[in-house]
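For reference, start.pdb (PDB, C-alpha atoms and all ligand atoms):
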ATOM      1  CA  MET A   1       3.006 -18.381  -9.319  1.00  0.00           C
ATOM      2  CA  ASN A   2       4.595 -15.116 -10.444  1.00  0.00           C
ATOM      3  CA  ARG A   3       5.638 -12.373  -8.061  1.00  0.00           C
ATOM      4  CA  LEU A   4       6.515  -8.756  -8.774  1.00  0.00           C
ATOM      5  CA  PRO A   5      10.121  -8.501 -10.003  1.00  0.00           C
ATOM      6  CA  ALA A   6      12.605  -8.280  -7.106  1.00  0.00           C
ATOM      7  CA  SER A   7      13.548  -4.829  -8.402  1.00  0.00           C
ATOM      8  CA  TRP A   8      11.783  -2.455 -10.800  1.00  0.00           C
ATOM      9  CA  GLN A   9      11.536   1.256 -11.603  1.00  0.00           C
ATOM     10  CA  THR A  10       9.209   4.081 -12.429  1.00  0.00           C
ATOM     11  CA  ASP A  11      10.420   7.484 -13.700  1.00  0.00           C
ATOM     12  CA  ARG A  12      11.467   8.697 -10.241  1.00  0.00           C
ATOM     13  CA  LEU A  13      11.165   5.642  -8.005  1.00  0.00           C
ATOM     14  CA  HIS A  14      13.130   2.492  -7.391  1.00  0.00           C
ATOM     15  CA  ILE A  15      11.082  -0.407  -6.003  1.00  0.00           C
ATOM     16  CA  ALA A  16      12.715  -3.495  -4.506  1.00  0.00           C
ATOM     17  CA  ASP A  17      11.969  -6.479  -2.272  1.00  0.00           C
ATOM     18  CA  GLY A  18      12.275  -5.571   1.400  1.00  0.00           C
ATOM     19  CA  VAL A  19      15.435  -6.554   3.276  1.00  0.00           C
ATOM     20  CA  LEU A  20      16.008  -6.792   7.013  1.00  0.00           C
ATOM     21  CA  GLU A  21      18.475  -3.854   6.960  1.00  0.00           C
ATOM     22  CA  SER A  22      15.547  -1.590   6.023  1.00  0.00           C
ATOM     23  CA  VAL A  23      13.397  -2.531   9.016  1.00  0.00           C
ATOM     24  CA  PRO A  24      14.219   0.562  11.183  1.00  0.00           C
ATOM     25  CA  ARG A  25      13.403   2.868   8.262  1.00  0.00           C
ATOM     26  CA  LEU A  26      10.140   1.022   7.479  1.00  0.00           C
ATOM     27  CA  MET A  27       9.104   1.386  11.112  1.00  0.00           C
ATOM     28  CA  ALA A  28       9.980   5.106  11.070  1.00  0.00           C
ATOM     29  CA  ILE A  29       7.918   5.660   7.900  1.00  0.00           C
ATOM     30  CA  PHE A  30       4.902   3.784   9.272  1.00  0.00           C
ATOM     31  CA  ASN A  31       5.030   5.356  12.729  1.00  0.00           C
ATOM     32  CA  ALA A  32       5.343   8.831  11.188  1.00  0.00           C
ATOM     33  CA  CYS A  33       1.811   8.198   9.836  1.00  0.00           C
ATOM     34  CA  SER A  34       0.305   7.310  13.221  1.00  0.00           C
ATOM     35  CA  HIS A  35      -2.091  10.311  12.897  1.00  0.00           C
ATOM     36  CA  VAL A  36      -3.915   8.181  10.287  1.00  0.00           C
ATOM     37  CA  GLY A  37      -4.874   5.859  13.179  1.00  0.00           C
ATOM     38  CA  GLN A  38      -7.863   8.047  14.074  1.00  0.00           C
ATOM     39  CA  TRP A  39      -9.332   7.247  10.640  1.00  0.00           C
ATOM     40  CA  ASP A  40      -7.871   3.782   9.929  1.00  0.00           C
ATOM     41  CA  PRO A  41      -7.361   1.490  12.949  1.00  0.00           C
ATOM     42  CA  THR A  42      -4.563  -0.470  11.234  1.00  0.00           C
ATOM     43  CA  PHE A  43      -2.277   2.578  11.744  1.00  0.00           C
ATOM     44  CA  GLN A  44      -1.064   1.975  15.290  1.00  0.00           C
ATOM     45  CA  ILE A  45       2.421   2.087  16.782  1.00  0.00           C
ATOM     46  CA  TYR A  46       4.037  -1.351  16.392  1.00  0.00           C
ATOM     47  CA  PRO A  47       7.399  -2.609  17.696  1.00  0.00           C
ATOM     48  CA  GLU A  48      10.292  -3.270  15.309  1.00  0.00           C
ATOM     49  CA  GLU A  49       9.670  -7.042  15.509  1.00  0.00           C
ATOM     50  CA  GLU A  50       6.391  -6.552  13.656  1.00  0.00           C
ATOM     51  CA  PHE A  51       8.173  -5.018  10.658  1.00  0.00           C
ATOM     52  CA  ALA A  52      10.967  -7.598  10.766  1.00  0.00           C
ATOM     53  CA  GLY A  53       8.258 -10.286  10.736  1.00  0.00           C
ATOM     54  CA  LEU A  54       6.675  -8.816   7.598  1.00  0.00           C
ATOM     55  CA  VAL A  55      10.011  -8.603   5.766  1.00  0.00           C
ATOM     56  CA  THR A  56      10.929 -12.138   6.812  1.00  0.00           C
ATOM     57  CA  ARG A  57       7.559 -13.468   5.672  1.00  0.00           C
ATOM     58  CA  SER A  58       8.027 -11.791   2.288  1.00  0.00           C
ATOM     59  CA  MET A  59      11.530 -13.268   1.937  1.00  0.00           C
ATOM     60  CA  VAL A  60      10.376 -16.769   2.931  1.00  0.00           C
ATOM     61  CA  ASP A  61       7.412 -16.599   0.570  1.00  0.00           C
ATOM     62  CA  GLY A  62       9.800 -15.440  -2.176  1.00  0.00           C
ATOM     63  CA  VAL A  63      11.853 -18.612  -1.824  1.00  0.00           C
ATOM     64  CA  GLY A  64       8.722 -20.715  -2.233  1.00  0.00           C
ATOM     65  CA  ASN A  65       7.325 -18.281  -4.853  1.00  0.00           C
ATOM     66  CA  GLY A  66       4.445 -17.637  -2.464  1.00  0.00           C
ATOM     67  CA  ARG A  67       1.748 -15.089  -2.003  1.00  0.00           C
ATOM     68  CA  PHE A  68       2.956 -12.375   0.361  1.00  0.00           C
ATOM     69  CA  GLN A  69       5.388  -9.719  -0.889  1.00  0.00           C
ATOM     70  CA  LEU A  70       6.716  -6.538   0.727  1.00  0.00           C
ATOM     71  CA  GLN A  71       8.568  -4.000  -1.414  1.00  0.00           C
ATOM     72  CA  THR A  72      10.278  -0.755  -0.494  1.00  0.00           C
ATOM     73  CA  ILE A  73       9.968   2.479  -2.462  1.00  0.00           C
ATOM     74  CA  GLY A  74      13.152   4.480  -2.933  1.00  0.00           C
ATOM     75  CA  HIS A  75      13.804   7.937  -4.318  1.00  0.00           C
ATOM     76  CA  ASN A  76      17.292   9.412  -4.697  1.00  0.00           C
ATOM     77  CA  ASP A  77      18.865   6.656  -2.596  1.00  0.00           C
ATOM     78  CA  GLN A  78      16.437   7.148   0.281  1.00  0.00           C
ATOM     79  CA  LEU A  79      13.543   4.883   1.239  1.00  0.00           C
ATOM     80  CA  ILE A  80      10.396   7.007   1.181  1.00  0.00           C
ATOM     81  CA  GLY A  81       7.746   4.304   1.577  1.00  0.00           C
ATOM     82  CA  TYR A  82       6.745   0.696   1.190  1.00  0.00           C
ATOM     83  CA  PHE A  83       3.798  -1.530   0.404  1.00  0.00           C
ATOM     84  CA  HIS A  84       2.842  -5.132   0.939  1.00  0.00           C
ATOM     85  CA  CYS A  85       0.468  -7.296  -1.011  1.00  0.00           C
ATOM     86  CA  HIS A  86      -0.994 -10.780  -1.431  1.00  0.00           C
ATOM     87  CA  HIS A  87      -0.851 -12.388  -4.867  1.00  0.00           C
ATOM     88  CA  HIS A  88      -3.908 -14.278  -6.105  1.00  0.00           C
ATOM     89  CA  HIS A  89      -5.910 -13.277  -3.057  1.00  0.00           C
ATOM     90  CA  PRO A  90      -8.787 -13.410  -2.308  1.00  0.00           C
ATOM     91  CA  GLN A  91      -9.264 -14.846  -5.788  1.00  0.00           C
ATOM     92  CA  PRO A  92      -6.998 -15.896  -8.681  1.00  0.00           C
ATOM     93  CA  GLN A  93      -5.356 -13.131 -10.741  1.00  0.00           C
ATOM     94  CA  THR A  94      -6.135 -10.502  -8.112  1.00  0.00           C
ATOM     95  CA  LEU A  95      -3.429  -8.604  -6.254  1.00  0.00           C
ATOM     96  CA  LEU A  96      -4.601  -7.443  -2.821  1.00  0.00           C
ATOM     97  CA  ILE A  97      -2.650  -4.463  -1.449  1.00  0.00           C
ATOM     98  CA  SER A  98      -2.586  -4.862   2.338  1.00  0.00           C
ATOM     99  CA  MET A  99      -0.527  -1.710   3.102  1.00  0.00           C
ATOM    100  CA  PHE A 100       0.722   1.278   1.162  1.00  0.00           C
ATOM    101  CA  VAL A 101       2.441   4.119   2.918  1.00  0.00           C
ATOM    102  CA  LEU A 102       4.701   7.039   2.029  1.00  0.00           C
ATOM    103  CA  HIS A 103       6.591   9.160   4.546  1.00  0.00           C
ATOM    104  CA  PRO A 104       4.659  12.380   5.347  1.00  0.00           C
ATOM    105  CA  ASP A 105       7.664  14.448   4.135  1.00  0.00           C
ATOM    106  CA  VAL A 106       7.052  13.277   0.561  1.00  0.00           C
ATOM    107  CA  GLN A 107       3.255  12.957   0.513  1.00  0.00           C
ATOM    108  CA  LYS A 108       1.270  15.033  -1.969  1.00  0.00           C
ATOM    109  CA  GLY A 109       4.209  15.103  -4.371  1.00  0.00           C
ATOM    110  CA  GLY A 110       2.685  12.736  -6.900  1.00  0.00           C
ATOM    111  CA  PHE A 111       4.862   9.783  -5.841  1.00  0.00           C
ATOM    112  CA  GLY A 112       1.856   7.702  -4.780  1.00  0.00           C
ATOM    113  CA  THR A 113       0.152   8.197  -8.140  1.00  0.00           C
ATOM    114  CA  GLU A 114       3.359   7.349 -10.001  1.00  0.00           C
ATOM    115  CA  MET A 115       3.912   4.262  -7.863  1.00  0.00           C
ATOM    116  CA  ILE A 116       0.380   2.885  -8.378  1.00  0.00           C
ATOM    117  CA  ALA A 117       0.532   3.503 -12.134  1.00  0.00           C
ATOM    118  CA  GLY A 118       3.791   1.523 -12.182  1.00  0.00           C
ATOM    119  CA  LEU A 119       2.338  -1.200  -9.984  1.00  0.00           C
ATOM    120  CA  ALA A 120      -0.727  -1.546 -12.228  1.00  0.00           C
ATOM    121  CA  HIS A 121       1.538  -1.973 -15.249  1.00  0.00           C
ATOM    122  CA  THR A 122       3.848  -4.439 -13.471  1.00  0.00           C
ATOM    123  CA  ALA A 123       1.008  -6.469 -11.929  1.00  0.00           C
ATOM    124  CA  LYS A 124      -0.661  -6.800 -15.326  1.00  0.00           C
ATOM    125  CA  ALA A 125       2.616  -7.953 -16.863  1.00  0.00           C
ATOM    126  CA  ILE A 126       2.771 -10.883 -14.403  1.00  0.00           C
ATOM    127  CA  GLY A 127      -0.804 -11.907 -15.137  1.00  0.00           C
ATOM    128  CA  HIS A 128      -3.033 -10.138 -12.631  1.00  0.00           C
ATOM    129  CA  HIS A 129      -6.393  -8.855 -13.852  1.00  0.00           C
ATOM    130  CA  ALA A 130      -7.193  -6.539 -10.944  1.00  0.00           C
ATOM    131  CA  ILE A 131      -5.792  -4.828  -7.851  1.00  0.00           C
ATOM    132  CA  TRP A 132      -7.963  -4.678  -4.727  1.00  0.00           C
ATOM    133  CA  LEU A 133      -7.577  -2.904  -1.409  1.00  0.00           C
ATOM    134  CA  GLU A 134      -9.526  -1.913   1.688  1.00  0.00           C
ATOM    135  CA  ILE A 135     -10.007   1.785   2.488  1.00  0.00           C
ATOM    136  CA  PHE A 136     -11.408   3.028   5.784  1.00  0.00           C
ATOM    137  CA  LEU A 137     -14.127   5.560   5.099  1.00  0.00           C
ATOM    138  CA  LYS A 138     -12.835   8.140   7.571  1.00  0.00           C
ATOM    139  CA  ASN A 139      -9.509   8.242   5.695  1.00  0.00           C
ATOM    140  CA  TRP A 140     -10.622  10.933   3.261  1.00  0.00           C
ATOM    141  CA  PRO A 141      -7.145  11.715   1.846  1.00  0.00           C
ATOM    142  CA  ALA A 142      -6.740   8.023   1.002  1.00  0.00           C
ATOM    143  CA  LEU A 143     -10.235   7.799  -0.509  1.00  0.00           C
ATOM    144  CA  ARG A 144      -9.445  10.759  -2.767  1.00  0.00           C
ATOM    145  CA  PHE A 145      -6.101   9.227  -3.668  1.00  0.00           C
ATOM    146  CA  TRP A 146      -7.337   5.722  -4.543  1.00  0.00           C
ATOM    147  CA  ILE A 147     -10.390   6.902  -6.478  1.00  0.00           C
ATOM    148  CA  LYS A 148      -8.156   9.258  -8.462  1.00  0.00           C
ATOM    149  CA  CYS A 149      -5.848   6.278  -9.175  1.00  0.00           C
ATOM    150  CA  GLY A 150      -8.783   4.406 -10.733  1.00  0.00           C
ATOM    151  CA  PHE A 151     -10.024   2.239  -7.847  1.00  0.00           C
ATOM    152  CA  THR A 152     -13.633   2.901  -8.733  1.00  0.00           C
ATOM    153  CA  THR A 153     -15.322  -0.491  -8.400  1.00  0.00           C
ATOM    154  CA  ILE A 154     -16.754  -1.247  -4.951  1.00  0.00           C
ATOM    155  CA  ILE A 155     -16.436  -4.936  -4.115  1.00  0.00           C
ATOM    156  CA  ASP A 156     -17.670  -4.987  -0.524  1.00  0.00           C
ATOM    157  CA  MET A 157     -18.251  -2.940   2.594  1.00  0.00           C
ATOM    158  CA  ASP A 158     -17.675  -3.846   6.197  1.00  0.00           C
ATOM    159  CA  GLY A 159     -17.655  -2.384   9.691  1.00  0.00           C
ATOM    160  CA  ALA A 160     -19.952  -0.471  11.987  1.00  0.00           C
ATOM    161  CA  PRO A 161     -23.449   0.161  10.632  1.00  0.00           C
ATOM    162  CA  GLN A 162     -23.575   3.632  12.207  1.00  0.00           C
ATOM    163  CA  HIS A 163     -21.093   6.473  12.274  1.00  0.00           C
ATOM    164  CA  ASP A 164     -19.859   7.846  15.581  1.00  0.00           C
ATOM    165  CA  ALA A 165     -16.616   9.287  16.935  1.00  0.00           C
ATOM    166  CA  THR A 166     -14.956   5.914  17.474  1.00  0.00           C
ATOM    167  CA  SER A 167     -16.640   3.576  14.975  1.00  0.00           C
ATOM    168  CA  HIS A 168     -15.024   2.459  11.718  1.00  0.00           C
ATOM    169  CA  ALA A 169     -16.274   1.154   8.407  1.00  0.00           C
ATOM    170  CA  SER A 170     -14.402   0.314   5.245  1.00  0.00           C
ATOM    171  CA  ILE A 171     -14.910  -0.507   1.592  1.00  0.00           C
ATOM    172  CA  VAL A 172     -12.956  -2.889  -0.595  1.00  0.00           C
ATOM    173  CA  VAL A 173     -12.309  -1.279  -3.962  1.00  0.00           C
ATOM    174  CA  ALA A 174     -10.883  -2.611  -7.208  1.00  0.00           C
ATOM    175  CA  LYS A 175      -8.977  -1.285 -10.179  1.00  0.00           C
ATOM    176  CA  ASN A 176      -9.282  -3.531 -13.194  1.00  0.00           C
ATOM    177  CA  LEU A 177      -6.091  -3.918 -15.231  1.00  0.00           C
TER     178      LEU A 177
HETATM  179  C1  LIG B   1      -2.415   8.047   0.570  1.00  0.00           C
HETATM  180  C2  LIG B   1      -0.987   8.203   0.038  1.00  0.00           C
HETATM  181  C3  LIG B   1      -0.419   6.832  -0.308  1.00  0.00           C
HETATM  182  C4  LIG B   1      -1.056   9.083  -1.231  1.00  0.00           C
HETATM  183  O1  LIG B   1       0.235   9.236  -1.801  1.00  0.00           O
HETATM  184  P1  LIG B   1       0.717  10.706  -2.260  1.00  0.00           P
HETATM  185  O2  LIG B   1       2.016  10.592  -2.971  1.00  0.00           O
HETATM  186  O3  LIG B   1       0.664  11.563  -1.052  1.00  0.00           O
HETATM  187  O4  LIG B   1      -0.439  11.107  -3.277  1.00  0.00           O
HETATM  188  P2  LIG B   1      -0.323  12.003  -4.616  1.00  0.00           P
HETATM  189  O5  LIG B   1       0.577  13.163  -4.369  1.00  0.00           O
HETATM  190  O6  LIG B   1       0.036  11.120  -5.763  1.00  0.00           O
HETATM  191  O7  LIG B   1      -1.825  12.543  -4.711  1.00  0.00           O
HETATM  192  C5  LIG B   1      -2.751  12.153  -5.694  1.00  0.00           C
HETATM  193  C6  LIG B   1      -4.138  12.627  -5.281  1.00  0.00           C
HETATM  194  O8  LIG B   1      -4.527  11.980  -4.065  1.00  0.00           O
HETATM  195  C7  LIG B   1      -5.294  12.883  -3.237  1.00  0.00           C
HETATM  196  N1  LIG B   1      -4.542  13.141  -2.000  1.00  0.00           N
HETATM  197  C8  LIG B   1      -3.299  12.696  -1.685  1.00  0.00           C
HETATM  198  N2  LIG B   1      -2.977  13.100  -0.437  1.00  0.00           N
HETATM  199  C9  LIG B   1      -4.013  13.816   0.025  1.00  0.00           C
HETATM  200  C10 LIG B   1      -4.269  14.521   1.247  1.00  0.00           C
HETATM  201  N3  LIG B   1      -3.381  14.510   2.264  1.00  0.00           N
HETATM  202  N4  LIG B   1      -5.448  15.147   1.396  1.00  0.00           N
HETATM  203  C11 LIG B   1      -6.354  15.122   0.402  1.00  0.00           C
HETATM  204  N5  LIG B   1      -6.170  14.494  -0.794  1.00  0.00           N
HETATM  205  C12 LIG B   1      -5.017  13.845  -0.966  1.00  0.00           C
HETATM  206  C13 LIG B   1      -5.431  14.163  -4.034  1.00  0.00           C
HETATM  207  O9  LIG B   1      -6.626  14.098  -4.759  1.00  0.00           O
HETATM  208  C14 LIG B   1      -4.234  14.098  -4.963  1.00  0.00           C
HETATM  209  O10 LIG B   1      -4.446  14.765  -6.148  1.00  0.00           O
HETATM  210  P3  LIG B   1      -4.205  16.379  -6.244  1.00  0.00           P
HETATM  211  O11 LIG B   1      -2.822  16.616  -5.702  1.00  0.00           O
HETATM  212  O12 LIG B   1      -4.364  16.667  -7.688  1.00  0.00           O
HETATM  213  O13 LIG B   1      -5.266  16.992  -5.368  1.00  0.00           O
HETATM  214  C15 LIG B   1      -0.052   8.883   1.039  1.00  0.00           C
HETATM  215  O14 LIG B   1      -0.529  10.174   1.300  1.00  0.00           O
HETATM  216  C16 LIG B   1       0.081   8.133   2.359  1.00  0.00           C
HETATM  217  O15 LIG B   1       0.994   7.328   2.512  1.00  0.00           O
HETATM  218  N6  LIG B   1      -0.809   8.418   3.339  1.00  0.00           N
HETATM  219  C17 LIG B   1      -0.713   7.847   4.692  1.00  0.00           C
HETATM  220  C18 LIG B   1      -0.980   6.365   4.729  1.00  0.00           C
HETATM  221  C19 LIG B   1      -2.303   5.993   4.099  1.00  0.00           C
HETATM  222  O16 LIG B   1      -3.354   6.545   4.373  1.00  0.00           O
HETATM  223  N7  LIG B   1      -2.219   4.959   3.242  1.00  0.00           N
HETATM  224  C20 LIG B   1      -3.363   4.424   2.524  1.00  0.00           C
HETATM  225  C21 LIG B   1      -4.120   3.462   3.352  1.00  0.00           C
HETATM  226  S1  LIG B   1      -5.534   2.852   2.440  1.00  0.00           S
END
How would this structure read if it were set down as structure tokens?
Ligand SMILES: CC(C)(COP(=O)(O)OP(=O)(O)OC[C@H]1O[C@@H](n2cnc3c(N)ncnc32)[C@H](O)[C@@H]1OP(=O)(O)O)[C@@H](O)C(=O)NCCC(=O)NCCS
Amino acid sequence: MNRLPASWQTDRLHIADGVLESVPRLMAIFNACSHVGQWDPTFQIYPEEEFAGLVTRSMVDGVGNGRFQLQTIGHNDQLIGYFHCHHHHPQPQTLLISMFVLHPDVQKGGFGTEMIAGLAHTAKAIGHHAIWLEIFLKNWPALRFWIKCGFTTIIDMDGAPQHDATSHASIVVAKNL
């Protein structure tokens, strides 16, 4: 089973498999986005062990050429974000993005768009036919972002049947490669 290359580039970004030395920075990037938690319940404050666990899982899976992969996103020698994904999940030749986050200091600078264009190209090169991900409906900036990146096929919807201040619902969307 193919994984994304351990290191790859776009015009401005350097993407590489996560390493344990990066864990404090990954936690800082994620926790800096905790305001997203009101729209997407996966954005909560987690302890450092959580991030170390994700990086370790990605490294272990890498040895066995497995499904879970976490990569960091660097710009000018600084980590500005990361993503993690599941290869061939929930079906063959589909790459499921389970997290994608950029530090608020660099958001709205076109890095996300550049990164996803690069990921689409790289995922296709290793044999994937589609990228899927779940978006929470209250996360309007993310909805705008993913739709603009070409995630325009709705696969599924889930969550509360009615909107209120605390309820959440999400859609799974796909971009065909
Ligand atoms: C969502 C995210 C990955 C987008 O990356 P980005 O580099 O900021 O996005 P880009 O600069 O490439 O923006 C592309 C388009 O997305 C939309 N967009 C991005 N950020 C937005 C915001 N804060 N508000 C509204 N629209 C936004 C816009 O339509 C934008 O196009 P435009 O600039 O022509 O209007 C990034 O903002 C982020 O990490 N957000 C917090 C975590 C998160 O919500 N992750 C996604 C979970 S599903």
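Counting from CA of Trp140 in chain A, the distance to CA of Gln78 in chain A is 27.5 Å.
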*Kindly work out which residues sit at most 7 Å from ligand LIG 1 (chain B), using only C-alpha atoms and all ligand atoms, and give the list as a ChimeraX atom specification.*
/A:33,36,99-104,106-114,134-136,139-142,144-146,148
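When the PyMOL selection byres (((chain A and resi 118) around 12) and not hetatm) is run on the displayed coordinates, the residues it returns are Leu4, Trp8, Gln9, Thr10, Asp11, Arg12, Leu13, His14, Ile15, Ile73, Phe111, Gly112, Thr113, Glu114, Met115, Ile116, Ala117, Leu119, Ala120, His121, Thr122, Ala123, Lys124, Ala125, Cys149 and Leu177 of chain A.
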*Written as JSON, numbers by chain, which residues does the PyMOL selection byres (((chain A and resi 16) around 12) and not hetatm) give for the file shown?*
{"A": [3, 4, 5, 6, 7, 8, 9, 10, 13, 14, 15, 17, 18, 19, 22, 55, 58, 59, 69, 70, 71, 72, 73, 74, 75, 79, 81, 82, 83, 84, 119]}
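Going from CA of Ile29 in chain A to CA of Tyr46 in chain A covers 11.7 Å.
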*Can you list what the PyMOL selection byres (((chain A and resi 23) around 8) and not hetatm) grabs from this structure, as JSON, numbers by chain?*
{"A": [19, 20, 21, 22, 24, 25, 26, 27, 48, 51, 52, 55]}
*For CA of Gly127 in chain A and CA of Thr152 in chain A, quote the distance in Å rounded to one decimal.*
20.6 Å
